[in-house]
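Please read the structure below before turning to the comments.
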Amino acid sequence: MNRFTYTKANSIDDTLREVNADHDIKFIAGGTNLIDLMRANVEHPSHLVDINHIDLHAIQETAEGGLSLGALVKNADTAYHEHVQSRYPLLAKAILAGASPQLRNMATNGGNLLQRTRCYYFYDTATPCNKRVPGQGCSAINGFNKIHSILGTSAHCIATHPSDMCVALAALEARIKVIGNDGERVIPFAEFHRLPGDTPHIDSTLKPGELITSIELPSKGFETHYQYIKLRDRRSYAFALVSVAVGLELQDDYIQEARIALGGVAHKPWRDETVENFLNGKKAAEDAFETAAEMMMKDAKGFRYNNFKIEMAKRAIVRALVDARDLKTPEPLHCYTYNRHQQQ
Amino acid sequence: MTTIAADISQASYIGQPISRVDGVAKVTGTARYAGEYTAPGLLHGLVISSPVAKGRILSIQSEEARAVNGIIKIYSHENVKDLPWFDLSYKDMNLLPGSPFRPFYSNEIQFSQQPVALVIAESLELARYAATLVRIEYETAPFETDLENNLENAFTPKRGKTGYKKPKNRGNAKKQFTKADVKIEAEYMHGAEHHNPMELFSSTVVYGKDGSLTVYDKTQGVLNSQSYIARVFDIKHKKVRVLSPFVGGAFGSGLRPQYQLFMACLAALDLQLPVRVVLTRQQMFSFGHRPATWQKLKLAASNDGRLEAIEHTAISETSRFENYTENIVNWSGRLYSCDHVKLDYRLVPLDVNSPLDMRAPGAATGVLALECAMDELAYKLNIDPLVLRLKNYTEKDPESGKPFSSKNLMDCYKQGAEHFGWEKRIYSPRSMKQGKQLVGWGMSSGMWDAMMVPARAQAKITADGKLVVTSATSDIGTGTYTIMTQIAAETLGLPLEDVSFELGDSKFVFAPFEGGSATAASVGTAVLFACKKIREKLLSLAKKLEQSPLANVQDEEIVFVNGRICHQDDIECSLSIREVMDRTGTKYIQEKNSDLRAMFKQLGYARNTHSAIFVEVKIDEDLGLISVTRVVAAIAAGNILNPKTASSQIMGGVMWGISMALHEDSFMDHQYGRFINHDYAEYHIPVHADTPDIEVIFVQEKDTVVNPLGIKGVGEIGIIGTAAAVANAIYHATGKRIRDFPITPDKLL
Ligand SMILES: Cc1cc2nc3c(=O)[nH]c(=O)nc-3n(C[C@H](O)[C@H](O)[C@H](O)COP(=O)(O)OP(=O)(O)OC[C@H]3O[C@@H](n4cnc5c(N)ncnc54)[C@H](O)[C@@H]3O)c2cc1C
Ligand code: SF4
């Protein structure tokens, strides 16, 4: 771990004043990812700005009938918020499928968006990694790549974005509100995270020094037909091998609107509008779901240890669509684990 | 008269589910662990580990690091001189054949994450920062870390470490195979696993004015650490005191002194200051592990299910510098009645650190393969897997021909099956379902040694009637404190509150490291004998008292109850221990057990614990999700001193068996010769959500041979067989045999 300086910011203005080209600055929110990375010598900011005291702790209804989630609201408080539970249960379910209660109590919404990949090599400075040190090479391509991407990869990086929350946000078409010294911007979710290309060290389109202030949820929450399935090596406290967030709007047996987002398969939550367009207007039946799953995996490519993800993703997509279609009464959302839930 | 009987039963502690005597200290945080001791001016050390698996250190540039204010010194092979060069100086009680790893001995790199430098600073944070400034240049050399690619390089070890038994063949398995009605053959593989106790390896060393060292160490044997330090640094044993009163889990990882002990002592002796060195979680993957092992099982049977031949081959990894051996294949010659057995155990040296005993070393591995193969045979024969075991039940040890000191595996099968509901099992795979899920029921047998090793205990009773018993043994979370207190209290008829047991101090009388499930039997017997001696002394004092009511009572009629020495039938006829001490002017009585083993009778018997494990899994086949939903573990382990702590041991073992079946795998990246998932986020063990209902049954087993208390030990038997039962249940649910462990969702798709 390197040496760094630290300031506590009390306002957005305070924060932006700290942003200055001479410093390699980082904002620190819950610290659940950043501190681990500093300990592992992967991140070495020279200056930390503690943003926890800025007033971004509210969840509020928006003029457009949606919900605005403050960047500093804890993941746990977000998932258990009454409006999130009733109107965006897909989001609540995805958040609760992530990490552990202790971590969710610390982790913030802004931090969750910017958490970095869990690629083993990224974390281990003894091994080359383009994301950590551009140009070093990628250890995962020929290494143990069980947890790596099958879609949107490049010859430079095959890491995944590890978040659960973001998969639901992608399906819900959330927007990210940010502020920087150049003013405020709103970034559509699909444009927030990026593919690795030949610059895998850049995870998102957020500009250096920009602060996330909130996540804006549109009014449509798919609260009657949704599902989040997370497949992993144990029932809790493990990142997704594959996860699927589905929202369906049904009229009689027909799909008015379908949303499908995948986690654990790409450098960003993965959506494919051609697949969603294909489903729109179709009867919500298994054969359509299977075709959709095939379409979604059309360009998928495995790297040996993660080959299984292609088949796993297809099955999970179909299952999530079936579950969403058949959802009867909204389930009470508590700490959620897929298989257990099915059994009880 | 009835009051005495009531008193006696009240004062009976052995066999009672008594809560841990150290429980409150542990949950309130007053129990201190090695890395929590401090001293004025304590310095902190951080170990720098090698990023390469093999090669040489070319240079170490540490000027920049040393220039940091608060950095005291940086150690490496460059400035650490005068270390002994005899292997013997570095050997520990495990006695692995070969040359033990010597930190800072030369510039040679023998395994990835080998410790190459130690930064000593005024604070841990400073040490961690300075470590990033040390530039080390390496020359790399080609290395081999892949067991499966090197099976043809395997050799048969001539000697093994402490406890290694050369596998014994009998009959002519080869010939028998050509004749047999029914045969199966299967290969099994599992990768390396690391112990990963919650507590990181830590040593806090306090340098005394007289040059002595007080060492707080995480270890399973304080005497092992003491003798290692004394030999490596050439100081007198009595100048090194090692303490380890509490250990936050070890599972075998503390059976050898780990390198943080060397480091902390090195710096403390050199600087003549107190030093603490704590390893990081990543560095917990830098030392011993359960070795990756490839196995092949061949079983032959008659049409009616009688085993006719067993062939078991196991090939394990070891390091280039030591031959780590374990008893993997031996169990295949001992669990069932079979006249023709061929066993083959070999090692492949790789560029890794030496493996190390991990809970049920050898048996966890070997019984896994044997018991999966038995299940495969049962299905080939078209008979119930439990029936196959019963058909091949053996009352004597088929390897030695000796009778078992006791063996009630039969009741394990019967009671386990009954509690589990085995008779409701539908034989065919894929025939039991619940909703969308497939249900599978599998079972396995298990076997482990009931060991007893020389150990001592010292007991001292003082005039106030309080008893203190000491021994240099340890409690790695197993419940040693509690059961020794029970034995002592019961032997002298004292209330539990008046007895304390102290351990984990090298100044106490000899006990070996805590391992092999031998502590309860070995130290327990020593405690019994030491306390019995006090009992005799007290009784003779009591009898000699003027007008003693006990003067004419036969010794056999005497009982010690509630702090009193009484006639067994007459409460009036008694004296309190305190009164006896007081009236005879005795300040204290102190005794040690004299005979260390005195159990020659044992030699005529095979001494083992046994188990039958029944497991239910539910599987969402489409998604590859496996849940273990129910486990019944029926255990035959002699006399159970404390069913509460013993059940905890079994439950922990069962969880570990599930972990072995479904989760655990230290993934070796052969590009770098390095374990790559080296943290708790990616090295998976079961979490609460994975934890099923576990029912533990201890079947009756009276044993007068193993030791006077009939104790066999329960530390290891719980893990053995559990992984096989899970794999067999998965087969029953899905019809798929997965022989490559752990069975993760990707393998089930
Ligand atoms: C063992 C473990 C298991 C986990 N399992 C899961 C899991 O299964 N699923 C899952 O989704 N997540 C999981 N997580 C990750 C967890 O969700 C993230 O660590 C957490 O969401 C990060 O939030 P934070 O507030 O702690 O971020 P920090 O660690 O404080 O920050 C993370 C990054 O975001 C930046 N940042 C934070 N807030 C802002 C802001 N407002 N504006 C601009 N930049 C900002 C920081 O500068 C930093 O770069 C796990 C984490 C751990 C340690
Ligand atoms: S996949 Fe990406 S993060 Fe992982 S080693 Fe390759 S470049 Fe680094």
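We name chains A, B, ... following the order of the structure tokens; residues begin at 1 in each chain, and ligands are numbered from 1 as shown.
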Next on the checklist: as a PyMOL selection string, please: the residues near region 303-317 of chain A (cut-off 6 Å, only C-alpha atoms, same-chain neighbours under 6 positions excluded).
Outcome noted: (chain A and resi 145-146+293) or (chain B and resi 746)
Item to check | Given 10 Å and only C-alpha atoms and all ligand atoms, residues near ligand 2 as an MDAnalysis selection string | outcome: chainID A and resid 116:124 127:145 147:149 153:161 196 198:201 267
Now that the selection is made, can you save its residues with C-alpha atoms as a PDB file, in the first residue's frame?
ATOM      1  CA  ARG A 116     -13.659  -3.307 -10.418  1.00  0.00           C
ATOM      2  CA  THR A 117     -13.372  -6.768 -11.888  1.00  0.00           C
ATOM      3  CA  ARG A 118     -12.634  -9.803  -9.693  1.00  0.00           C
ATOM      4  CA  CYS A 119     -10.208 -11.284 -12.220  1.00  0.00           C
ATOM      5  CA  TYR A 120      -7.621 -13.102 -10.081  1.00  0.00           C
ATOM      6  CA  TYR A 121      -4.739 -11.752 -12.128  1.00  0.00           C
ATOM      7  CA  PHE A 122      -5.923  -8.188 -11.793  1.00  0.00           C
ATOM      8  CA  TYR A 123      -5.634  -8.638  -8.017  1.00  0.00           C
ATOM      9  CA  ASP A 124      -2.248 -10.344  -8.032  1.00  0.00           C
ATOM     10  CA  THR A 127       1.054 -11.667 -12.730  1.00  0.00           C
ATOM     11  CA  PRO A 128       0.753  -9.511 -15.859  1.00  0.00           C
ATOM     12  CA  CYS A 129      -2.549  -7.720 -16.429  1.00  0.00           C
ATOM     13  CA  ASN A 130      -3.464  -5.111 -19.015  1.00  0.00           C
ATOM     14  CA  LYS A 131      -6.189  -3.685 -16.867  1.00  0.00           C
ATOM     15  CA  ARG A 132      -3.788  -3.037 -14.011  1.00  0.00           C
ATOM     16  CA  VAL A 133      -0.777  -2.024 -16.094  1.00  0.00           C
ATOM     17  CA  PRO A 134      -1.614  -1.287 -19.725  1.00  0.00           C
ATOM     18  CA  GLY A 135       0.631  -3.182 -22.103  1.00  0.00           C
ATOM     19  CA  GLN A 136       1.658  -5.926 -19.659  1.00  0.00           C
ATOM     20  CA  GLY A 137      -0.441  -8.589 -21.338  1.00  0.00           C
ATOM     21  CA  CYS A 138      -3.461 -10.572 -20.188  1.00  0.00           C
ATOM     22  CA  SER A 139      -2.829 -13.577 -17.957  1.00  0.00           C
ATOM     23  CA  ALA A 140      -6.387 -14.781 -18.058  1.00  0.00           C
ATOM     24  CA  ILE A 141      -6.676 -15.544 -21.753  1.00  0.00           C
ATOM     25  CA  ASN A 142      -4.465 -18.600 -21.352  1.00  0.00           C
ATOM     26  CA  GLY A 143      -4.950 -18.949 -17.637  1.00  0.00           C
ATOM     27  CA  PHE A 144      -7.654 -19.962 -15.212  1.00  0.00           C
ATOM     28  CA  ASN A 145     -10.523 -18.094 -16.836  1.00  0.00           C
ATOM     29  CA  ILE A 147     -14.978 -16.469 -14.096  1.00  0.00           C
ATOM     30  CA  HIS A 148     -14.225 -14.569 -17.294  1.00  0.00           C
ATOM     31  CA  SER A 149     -16.213 -13.149 -20.188  1.00  0.00           C
ATOM     32  CA  THR A 153     -14.037  -9.642 -25.154  1.00  0.00           C
ATOM     33  CA  SER A 154     -10.890  -8.335 -26.759  1.00  0.00           C
ATOM     34  CA  ALA A 155      -7.432  -9.745 -27.234  1.00  0.00           C
ATOM     35  CA  HIS A 156      -6.382  -7.441 -24.414  1.00  0.00           C
ATOM     36  CA  CYS A 157      -8.828  -8.337 -21.681  1.00  0.00           C
ATOM     37  CA  ILE A 158     -11.584 -10.852 -20.949  1.00  0.00           C
ATOM     38  CA  ALA A 159     -12.591  -9.595 -17.521  1.00  0.00           C
ATOM     39  CA  THR A 160     -16.189  -9.285 -16.371  1.00  0.00           C
ATOM     40  CA  HIS A 161     -17.976  -6.565 -14.503  1.00  0.00           C
ATOM     41  CA  PRO A 196     -12.339  -3.556 -22.927  1.00  0.00           C
ATOM     42  CA  ASP A 198      -7.507  -2.021 -26.396  1.00  0.00           C
ATOM     43  CA  THR A 199      -7.948   0.142 -23.315  1.00  0.00           C
ATOM     44  CA  PRO A 200      -9.101  -2.340 -20.687  1.00  0.00           C
ATOM     45  CA  HIS A 201      -7.769  -0.152 -17.891  1.00  0.00           C
ATOM     46  CA  HIS A 267     -17.015  -6.407 -19.275  1.00  0.00           C
TER      47      HIS A 267
END
Item to check | region 218-224 of chain A environment, 7 Å, only C-alpha atoms, sequence neighbours closer than 4 positions dropped, as a PyMOL selection string | outcome: chain A and resi 64-67+87-89+172+174+247-249
Saved selection, atoms kept: N, CA and C atoms, as a PDB file, in the first residue's frame:
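What follows is the written file again_36.pdb:
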ATOM      1  N   GLU A  64     -40.734  12.630 -13.158  1.00  0.00           N
ATOM      2  CA  GLU A  64     -41.215  11.758 -14.247  1.00  0.00           C
ATOM      3  C   GLU A  64     -41.862  10.487 -13.727  1.00  0.00           C
ATOM      4  N   GLY A  65     -42.029  10.392 -12.412  1.00  0.00           N
ATOM      5  CA  GLY A  65     -42.675   9.204 -11.851  1.00  0.00           C
ATOM      6  C   GLY A  65     -41.711   8.082 -11.566  1.00  0.00           C
ATOM      7  N   GLY A  66     -40.430   8.359 -11.666  1.00  0.00           N
ATOM      8  CA  GLY A  66     -39.438   7.330 -11.337  1.00  0.00           C
ATOM      9  C   GLY A  66     -38.895   7.523  -9.943  1.00  0.00           C
ATOM     10  N   LEU A  67     -37.737   6.959  -9.726  1.00  0.00           N
ATOM     11  CA  LEU A  67     -37.126   7.021  -8.399  1.00  0.00           C
ATOM     12  C   LEU A  67     -35.658   7.416  -8.577  1.00  0.00           C
ATOM     13  N   ARG A  87     -41.881  -1.308  -6.268  1.00  0.00           N
ATOM     14  CA  ARG A  87     -41.925  -0.918  -7.681  1.00  0.00           C
ATOM     15  C   ARG A  87     -40.775  -1.466  -8.519  1.00  0.00           C
ATOM     16  N   TYR A  88     -39.660  -1.753  -7.847  1.00  0.00           N
ATOM     17  CA  TYR A  88     -38.484  -2.260  -8.587  1.00  0.00           C
ATOM     18  C   TYR A  88     -37.929  -3.518  -7.907  1.00  0.00           C
ATOM     19  N   PRO A  89     -38.802  -4.494  -7.691  1.00  0.00           N
ATOM     20  CA  PRO A  89     -38.339  -5.687  -6.970  1.00  0.00           C
ATOM     21  C   PRO A  89     -37.178  -6.385  -7.698  1.00  0.00           C
ATOM     22  N   LEU A 172     -33.393  -2.274 -16.347  1.00  0.00           N
ATOM     23  CA  LEU A 172     -34.373  -1.224 -16.045  1.00  0.00           C
ATOM     24  C   LEU A 172     -34.093   0.072 -16.809  1.00  0.00           C
ATOM     25  N   ALA A 174     -31.729   2.336 -16.290  1.00  0.00           N
ATOM     26  CA  ALA A 174     -31.477   3.447 -15.377  1.00  0.00           C
ATOM     27  C   ALA A 174     -30.573   4.471 -16.061  1.00  0.00           C
ATOM     28  N   GLY A 247     -37.173  -8.538 -17.185  1.00  0.00           N
ATOM     29  CA  GLY A 247     -38.424  -7.836 -16.917  1.00  0.00           C
ATOM     30  C   GLY A 247     -39.344  -8.053 -18.107  1.00  0.00           C
ATOM     31  N   LEU A 248     -40.580  -8.406 -17.837  1.00  0.00           N
ATOM     32  CA  LEU A 248     -41.525  -8.626 -18.936  1.00  0.00           C
ATOM     33  C   LEU A 248     -42.778  -7.795 -18.701  1.00  0.00           C
ATOM     34  N   GLU A 249     -43.289  -7.257 -19.795  1.00  0.00           N
ATOM     35  CA  GLU A 249     -44.607  -6.651 -19.736  1.00  0.00           C
ATOM     36  C   GLU A 249     -45.490  -7.533 -20.599  1.00  0.00           C
TER      37      GLU A 249
END
Could I get the residues of chain A with an atom no further than 6 Å from an atom of chain B, each paired with its nearest atom pair and that distance in Å to one decimal, using only C-alpha atoms, sorted by chain and residue number, as a tab-separated table?
residue	atom	partner	partner_atom	distance
A:Met1	CA	B:Tyr129	CA	5.1
A:Asn2	CA	B:Tyr129	CA	5.3
A:Ala126	CA	B:Pro51	CA	4.8
A:Arg235	CA	B:Ala689	CA	5.6
A:Phe308	CA	B:Asp746	CA	5.7
Next on the checklist: What does the list of residues within 6 Å of ligand 1 look like if you count only C-alpha atoms and all ligand atoms, written as a PyMOL selection string?
Outcome noted: (chain A and resi 26-34+71+98-99+106-108+110-112+114-115+162-165+211-213+237-239) or (chain B and resi 681)
